[in-house]
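K.L.:
Please find work_31.txt (compact mmCIF, C-alpha atoms) on the next line:
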# COMPACT_ATOMS: atom_id res chain seq x y z
CA MET G 1 -2.50 -10.96 22.99
CA ARG G 2 -0.95 -14.39 22.69
CA ARG G 3 2.60 -15.72 22.73
CA GLU G 4 3.60 -18.68 20.60
CA ASP G 5 2.89 -20.91 23.62
CA GLY G 6 -0.61 -19.47 23.97
CA SER G 7 0.04 -17.28 27.02
CA ALA G 8 -1.00 -13.65 27.00
CA VAL G 9 1.23 -10.74 25.95
CA ASP G 10 0.35 -7.56 27.81
CA ALA G 11 0.05 -4.69 25.34
CA ARG G 12 1.56 -2.38 27.93
CA LEU G 13 4.79 -4.39 27.75
CA ILE G 14 5.19 -4.10 23.98
CA ASP G 15 7.67 -1.52 22.71
CA VAL G 16 8.12 -0.09 19.24
CA CYS G 17 11.56 0.43 17.70
CA PHE G 18 12.14 2.91 14.88
CA ARG G 19 14.66 5.33 13.42
CA ASP G 20 13.73 8.98 13.59
CA PRO G 21 14.33 11.35 10.62
CA GLY G 22 17.82 12.02 11.99
CA GLY G 23 18.64 8.30 11.77
CA ARG G 24 18.74 7.80 15.54
CA SER G 25 17.37 4.49 16.85
CA ARG G 26 14.61 4.81 19.42
CA GLN G 27 12.54 2.40 21.50
CA VAL G 28 9.38 3.56 23.26
CA PRO G 29 6.15 2.00 24.60
CA TRP G 30 3.84 1.03 21.75
CA LEU G 31 0.57 2.15 23.35
CA GLU G 32 1.89 5.67 23.81
CA ALA G 33 3.79 6.00 20.55
CA ALA G 34 1.03 4.78 18.25
CA GLN G 35 -1.13 7.75 19.11
CA VAL G 36 1.37 10.55 18.52
CA ILE G 37 4.36 9.47 16.41
CA PRO G 38 4.16 9.74 12.57
CA PHE G 39 5.89 6.46 11.74
CA GLU G 40 5.03 6.91 8.06
CA ASP G 41 7.61 9.71 7.87
CA PHE G 42 10.49 7.53 9.07
CA PRO G 43 12.99 5.36 7.16
CA ALA G 44 13.05 1.57 7.36
CA VAL G 45 13.90 0.38 10.86
CA ARG G 46 16.48 -1.97 9.31
CA PRO G 47 18.13 -1.87 5.88
CA PHE G 48 16.65 -4.08 3.18
CA GLN G 49 18.98 -6.92 2.26
CA VAL G 50 20.21 -7.75 -1.24
CA ARG G 51 20.15 -11.53 -1.54
CA HIS G 52 22.57 -12.59 -4.23
CA GLY G 53 21.33 -15.33 -6.52
CA ARG G 54 17.69 -14.65 -5.67
CA ARG G 55 15.15 -12.44 -7.39
CA ILE G 56 14.73 -10.30 -4.28
CA ALA G 57 16.15 -6.81 -4.26
CA PRO G 58 15.23 -3.42 -2.79
CA GLY G 59 14.09 -0.54 -4.93
CA TRP G 60 12.12 2.70 -4.92
CA TRP G 61 8.45 3.35 -5.67
CA TRP G 62 7.24 6.87 -6.39
CA SER G 63 4.04 7.18 -4.37
CA SER G 64 1.31 9.38 -5.81
CA THR G 65 -0.28 9.34 -2.34
CA ALA G 66 2.80 10.61 -0.51
CA GLY G 67 4.29 12.55 -3.43
CA ARG G 68 7.72 11.05 -2.77
CA LEU G 69 9.84 7.94 -3.21
CA VAL G 70 9.20 5.02 -0.85
CA MET G 71 11.81 2.28 -0.55
CA TYR G 72 10.67 -1.35 -0.71
CA GLY G 73 12.51 -4.60 -0.07
CA SER G 74 11.19 -6.98 -2.73
CA GLY G 75 8.92 -7.32 -5.72
CA VAL G 76 6.02 -8.63 -3.64
CA MET G 77 6.33 -5.63 -1.34
CA ARG G 78 6.34 -3.34 -4.37
CA THR G 79 3.10 -4.93 -5.63
CA GLN G 80 1.31 -4.39 -2.33
CA LEU G 81 2.75 -0.89 -2.10
CA MET G 82 1.34 -0.17 -5.55
CA LEU G 83 -2.12 -1.43 -4.58
CA LEU G 84 -2.13 0.62 -1.37
CA ASP G 85 -0.97 3.68 -3.29
CA ARG G 86 -4.23 3.57 -5.25
CA ASP G 87 -6.45 3.00 -2.20
CA PRO G 88 -8.46 6.19 -1.50
CA ALA G 89 -8.46 5.42 2.26
CA VAL G 90 -4.65 5.66 2.37
CA VAL G 91 -3.00 9.05 2.94
CA ALA G 92 0.64 8.02 3.58
CA LEU G 93 2.84 4.96 3.05
CA ALA G 94 6.09 3.51 4.40
CA CYS G 95 7.92 0.20 4.21
CA ARG G 96 8.99 -1.44 7.47
CA PRO G 97 9.27 1.80 9.50
CA VAL G 98 8.81 0.05 12.86
CA GLU G 99 9.44 -3.17 14.74
CA LEU G 100 7.28 -4.27 17.65
CA VAL G 101 9.27 -6.01 20.39
CA TRP G 102 8.32 -7.88 23.56
CA ARG G 103 9.72 -10.39 26.04
CA GLU G 104 9.13 -14.06 25.41
CA GLY G 105 10.66 -16.88 27.43
CA GLY G 106 13.25 -14.59 28.98
CA ARG G 107 14.40 -13.15 25.65
CA THR G 108 13.41 -10.23 23.47
CA VAL G 109 11.61 -11.07 20.24
CA GLY G 110 9.87 -8.93 17.67
CA ARG G 111 8.29 -8.50 14.30
CA ALA G 112 8.67 -5.66 11.79
CA PRO G 113 5.61 -5.49 9.50
CA GLN G 114 6.66 -5.02 5.90
CA LEU G 115 4.34 -2.11 5.08
CA MET G 116 2.55 0.59 6.99
CA ALA G 117 -0.23 2.86 5.73
CA ARG G 118 -1.73 5.88 7.46
CA LEU G 119 -5.48 6.01 6.83
CA GLN G 120 -7.83 8.96 6.43
CA ASP G 121 -9.30 8.51 9.90
CA GLY G 122 -5.85 8.85 11.47
CA SER G 123 -5.46 5.16 12.28
CA GLY G 124 -2.83 2.91 10.76
CA LEU G 125 -2.57 -0.35 8.86
CA PHE G 126 0.24 -2.88 9.13
CA LEU G 127 0.61 -5.32 6.24
CA ASP G 128 2.79 -8.38 5.69
CA CYS G 129 3.13 -10.19 2.37
CA VAL G 130 2.71 -13.97 2.53
CA GLY G 131 2.82 -16.80 0.02
CA ARG G 132 -0.10 -19.03 -0.90
CA SER G 133 0.74 -21.43 1.92
CA GLY G 134 0.63 -18.66 4.55
CA LEU G 135 2.99 -18.37 7.51
CA SER G 136 4.67 -21.16 9.43
CA ALA G 137 3.90 -21.59 13.14
CA LEU G 138 6.43 -19.20 14.72
CA PRO G 139 5.93 -16.24 12.34
CA ALA G 140 2.16 -16.79 12.55
CA ALA G 141 2.26 -16.60 16.35
CA ARG G 142 4.22 -13.35 16.24
CA ALA G 143 1.92 -11.97 13.56
CA ARG G 144 -1.01 -12.57 15.91
CA VAL G 145 0.74 -10.50 18.57
CA VAL G 146 1.18 -7.68 16.06
CA ALA G 147 -2.49 -7.97 15.03
CA ASP G 148 -3.62 -7.69 18.65
CA ALA G 149 -1.21 -4.82 19.32
CA ALA G 150 -2.64 -2.97 16.31
CA GLU G 151 -6.19 -3.60 17.47
CA ALA G 152 -5.34 -2.28 20.95
CA VAL G 153 -4.73 1.20 19.48
CA GLY G 154 -7.49 1.15 16.86
CA TRP G 155 -5.23 0.08 14.01
CA SER G 156 -5.50 -2.98 11.77
CA TYR G 157 -3.17 -5.70 10.55
CA ARG G 158 -3.40 -7.64 7.31
CA LEU G 159 -1.69 -10.68 5.87
CA ALA G 160 -1.77 -10.20 2.10
CA GLY G 161 -1.43 -13.23 -0.11
CA PRO G 162 -0.61 -13.11 -3.82
CA PRO G 163 -3.20 -10.85 -5.48
CA ASP G 164 -5.09 -11.64 -8.67
CA PRO G 165 -2.57 -11.40 -11.54
CA VAL G 166 -5.11 -9.71 -13.83
CA LEU G 167 -5.75 -7.02 -11.22
CA VAL G 168 -2.01 -6.54 -10.71
CA ALA G 169 -1.36 -6.24 -14.45
CA ASN G 170 -4.13 -3.67 -14.86
CA VAL G 171 -3.11 -1.56 -11.88
CA ARG G 172 0.54 -1.72 -12.93
CA TRP G 173 -0.44 -0.29 -16.33
CA LEU G 174 -2.46 2.52 -14.75
CA ALA G 175 0.36 3.19 -12.29
CA GLY G 176 2.50 4.25 -15.23
CA TYR G 177 0.22 7.30 -15.42
CA ARG G 178 -0.07 8.04 -11.69
CA HIS G 179 2.04 11.19 -11.73
CA PRO G 180 0.02 14.46 -11.65
CA ARG G 181 1.61 15.56 -14.93
CA TYR G 182 -0.82 13.21 -16.70
CA ALA G 183 -3.90 14.84 -15.18
CA ALA G 184 -6.30 16.39 -17.68
CA GLY G 185 -6.00 19.81 -16.04
CA PRO G 186 -8.31 22.49 -17.45
CA TRP G 187 -10.09 20.05 -19.73
CA MET G 188 -10.93 17.53 -17.00
CA SER G 189 -14.57 18.58 -17.33
CA ALA G 190 -14.48 17.40 -20.95
CA VAL G 191 -13.11 14.02 -19.87
CA LEU G 192 -15.88 13.65 -17.29
CA GLU G 193 -18.50 14.69 -19.80
CA ALA G 194 -17.19 12.17 -22.32
CA PHE G 195 -17.88 9.36 -19.84
CA ALA G 196 -21.03 10.84 -18.31
CA SER G 197 -22.69 7.70 -19.62
CA PRO G 198 -20.77 4.39 -19.54
CA ARG G 199 -19.09 3.76 -22.85
CA PRO G 200 -16.09 1.95 -24.35
CA ALA G 201 -12.89 3.80 -23.51
CA VAL G 202 -11.82 4.20 -27.13
CA GLU G 203 -15.06 5.97 -28.07
CA GLY G 204 -14.67 8.55 -25.33
CA VAL G 205 -10.99 9.09 -26.12
CA TYR G 206 -11.45 9.64 -29.85
CA GLY G 207 -14.38 11.95 -29.16
CA LEU G 208 -12.09 14.22 -27.12
CA GLY G 209 -9.34 14.82 -29.64
CA ASP G 210 -5.80 13.58 -30.28
CA PRO G 211 -5.66 10.11 -28.66
CA ILE G 212 -1.93 10.46 -27.96
CA ALA G 213 -2.77 13.36 -25.65
CA VAL G 214 -6.07 11.99 -24.31
CA TRP G 215 -5.19 8.41 -23.37
CA PRO G 216 -2.72 9.41 -20.62
CA ALA G 217 -5.33 11.71 -19.05
CA VAL G 218 -7.93 8.93 -19.09
CA PHE G 219 -5.47 6.44 -17.58
CA HIS G 220 -4.62 8.97 -14.86
CA ALA G 221 -8.31 9.44 -14.10
CA LEU G 222 -8.69 5.66 -13.86
CA TRP G 223 -5.72 5.44 -11.51
CA SER G 224 -7.00 8.23 -9.27
CA GLY G 225 -10.52 6.82 -9.17
CA VAL G 226 -12.25 9.71 -10.94
CA LEU G 227 -13.19 7.23 -13.66
CA ARG G 228 -13.91 3.53 -13.11
CA VAL G 229 -13.38 0.40 -15.12
CA ARG G 230 -13.45 -3.28 -14.23
CA LEU G 231 -9.98 -4.32 -13.13
CA ASP G 232 -10.71 -8.02 -12.71
CA GLU G 233 -10.77 -8.35 -16.50
CA PRO G 234 -7.92 -7.52 -18.89
CA LEU G 235 -7.93 -3.87 -19.91
CA HIS G 236 -8.44 -3.16 -23.60
CA GLU G 237 -9.58 -0.23 -25.69
CA ARG G 238 -13.23 -1.26 -25.61
CA ALA G 239 -13.38 -1.76 -21.83
CA VAL G 240 -16.41 0.14 -20.51
CA VAL G 241 -15.48 3.27 -18.54
CA CYS G 242 -17.80 5.31 -16.35
CA LEU G 243 -17.71 8.02 -13.71
CA ALA G 244 -16.95 6.80 -10.22
CA ARG G 245 -20.17 8.25 -8.85
CA GLN G 246 -22.17 6.26 -11.41
CA GLU G 247 -20.61 3.05 -10.13
CA ALA G 248 -21.43 4.04 -6.55
CA GLU G 249 -25.05 4.84 -7.45
CA ALA G 250 -25.40 1.52 -9.27
CA ALA G 251 -24.15 -0.34 -6.18
Could you take the file, read its structure, and then write that structure out as structure tokens?
P.N.:
Amino acid sequence: MRREDGSAVDARLIDVCFRDPGGRSRQVPWLEAAQVIPFEDFPAVRPFQVRHGRRIAPGWWWSSTAGRLVMYGSGVMRTQLMLLDRDPAVVALACRPVELVWREGGRTVGRAPQLMARLQDGSGLFLDCVGRSGLSALPAARARVVADAAEAVGWSYRLAGPPDPVLVANVRWLAGYRHPRYAAGPWMSAVLEAFASPRPAVEGVYGLGDPIAVWPAVFHALWSGVLRVRLDEPLHERAVVCLARQEAEAA
């Protein structure tokens, strides 16, 4: 691992700070904690700031993955949280639950990744949101330390720039139907049968019955990945929908 001056940072000397479910602050060695502590269950290590006069404010996202509210610190964090919430590899989510700290030039420095995801294989993902120009020198150097610390325990670290606006708009629409109450329930088999062959969404919906009742179920199936549609193009009623397994077979 590298400091901002290029010298190595020993992973054994990196600690992780977090607040346990009781709100108590704790600091323990990173290499030990990463293997056994469920950071995704903990609150933010520091409160999210409200910056008056700027369009940055904390809020809550209901996660269909976690089945609970997850607090975020800004709109860009909410967008990445939304995208992770739909990722089938993700099983739990949290915003800024930990801060990694180490000694640098005789002082303690650190970095608290903005998002954390627990993955199906038990590993973790740290994610920081960045603008189109990326990070400046000092934050970039500290981000590299976090990336190396994550790699040391089999985790990963990602710097996420602004995503495609068309993708974001489409996923945001589908997210409005992410709650299980929109699932098709006992007639899910009919929904799957309707799109057994790729067809325009509107044709499948009207073939199933009352569109006011059917559309939400189809949108929920698209959110959950049971059905697939191209998300790099604007969604519309004639967008071609298919079963997820058909897309996988075609690939």
K.L.:
Can you tell me which residues surround Glu203 of chain G at a distance of at most 10 Å, considering only C-alpha atoms, apart from same-chain residues fewer than 3 positions away, and format the answer as a PyMOL selection string?
P.N.:
chain G and resi 194-195+199-200+206-208+237-238+240-241
K.L.:
So, counting only C-alpha atoms, which residue among G:Arg19, G:Arg103, G:Arg111, G:Arg228 is closest to Ala141 of chain G?
P.N.:
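Nearest candidate to Ala141 of chain G out of G:Arg19, G:Arg103, G:Arg111, G:Arg228: G:Arg111.
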K.L.:
Please determine, counting all atoms listed in the file, which residue among G:Met77, G:Val171, G:Val202, G:Val16 has the shortest atom-to-atom distance to Val98 of chain G.
P.N.:
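When distances to Val98 of chain G are compared using all atoms listed in the file, the smallest one comes from G:Val16.
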K.L.:
So, with all atoms listed in the file as the atoms that count, which of G:Pro88, G:Ser64, G:Ala94, G:Ser74 lies closest to Asp41 of chain G?
P.N.:
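Ranking G:Pro88, G:Ser64, G:Ala94, G:Ser74 by distance to Asp41 of chain G, first place goes to G:Ala94.
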K.L.:
Please provide as a compact mmCIF listing (two decimals) with C-alpha atoms, keeping the file's coordinate frame all residues within 10 Å of Ala149 of chain G, with the sequence filter that same-chain residues fewer than 5 positions apart are discarded (counting only C-alpha atoms).
P.N.:
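And here is the file that came out, selection_13.txt:
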# COMPACT_ATOMS: atom_id res chain seq x y z
CA MET G 1 -2.50 -10.96 22.99
CA VAL G 9 1.23 -10.74 25.95
CA ASP G 10 0.35 -7.56 27.81
CA ALA G 11 0.05 -4.69 25.34
CA ARG G 12 1.56 -2.38 27.93
CA ILE G 14 5.19 -4.10 23.98
CA TRP G 30 3.84 1.03 21.75
CA LEU G 31 0.57 2.15 23.35
CA ALA G 34 1.03 4.78 18.25
CA LEU G 100 7.28 -4.27 17.65
CA ALA G 143 1.92 -11.97 13.56
CA ARG G 144 -1.01 -12.57 15.91
CA GLY G 154 -7.49 1.15 16.86
CA TRP G 155 -5.23 0.08 14.01
CA SER G 156 -5.50 -2.98 11.77
CA TYR G 157 -3.17 -5.70 10.55
K.L.:
Identify which of the residues G:Val168, G:Val205, G:Leu69, G:Val45 lies closest to Leu231 of chain G, counting all atoms listed in the file when measuring atom-to-atom distances.
P.N.:
G:Val168
K.L.:
How many Å separate atom CA of Val218 of chain G from atom CA of Cys242 of chain G?
P.N.:
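Computing it gives 10.9 Å between the two atoms.
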K.L.:
Identify, on the basis of all atoms listed in the file, every residue whose closest approach to Arg78 of chain G does not exceed 10 Å; exclude the query and any residue fewer than 3 positions from it along the same chain; express the result as a list in words.
P.N.:
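Listing them by chain and then by number gives Pro58, Gly59, Trp60, Trp61, Val70, Met71, Tyr72, Gly73, Ser74, Gly75, Leu81, Met82, Leu83, Leu84, Cys95 and Leu115 of chain G.
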K.L.:
Which is closer to Glu104 of chain G than all the others in G:Val145, G:Trp223, G:His52, G:Trp173, using only C-alpha atoms?
P.N.:
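Selected residue with least distance to Glu104 of chain G: G:Val145.
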K.L.:
Smallest atom-to-atom distance to Leu167 of chain G: which of G:Gln27, G:Gln35, G:Gln80, G:Ser63, using all atoms listed in the file?
P.N.:
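Nearest candidate to Leu167 of chain G out of G:Gln27, G:Gln35, G:Gln80, G:Ser63: G:Gln80.
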K.L.:
Work out how far apart atom CA of Val101 of chain G and atom CA of Val36 of chain G are and give it in Å to one decimal.
P.N.:
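Taking atom CA of Val101 of chain G as the start and atom CA of Val36 of chain G as the end point, the length is 18.4 Å.
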K.L.:
Atom CA of Pro21 of chain G and atom CA of Ala160 of chain G, how far apart in Å?
P.N.:
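Separation of atom CA of Ala160 of chain G and atom CA of Pro21 of chain G: 28.2 Å.
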K.L.:
Residues within 8 Å of Glu40 of chain G, please, as number ranges by chain. Count all atoms listed in the file; anything in the same chain fewer than 5 positions from it doesn't count.
P.N.:
G: 92-94, 97, 116-118
K.L.:
Write a file of the selected residues as a CSV table (one decimal), in the coordinates of the input, keeping C-alpha atoms.
P.N.:
chain,number,residue,atom,x,y,z
G,92,ALA,CA,0.6,8.0,3.6
G,93,LEU,CA,2.8,5.0,3.0
G,94,ALA,CA,6.1,3.5,4.4
G,97,PRO,CA,9.3,1.8,9.5
G,116,MET,CA,2.6,0.6,7.0
G,117,ALA,CA,-0.2,2.9,5.7
G,118,ARG,CA,-1.7,5.9,7.5
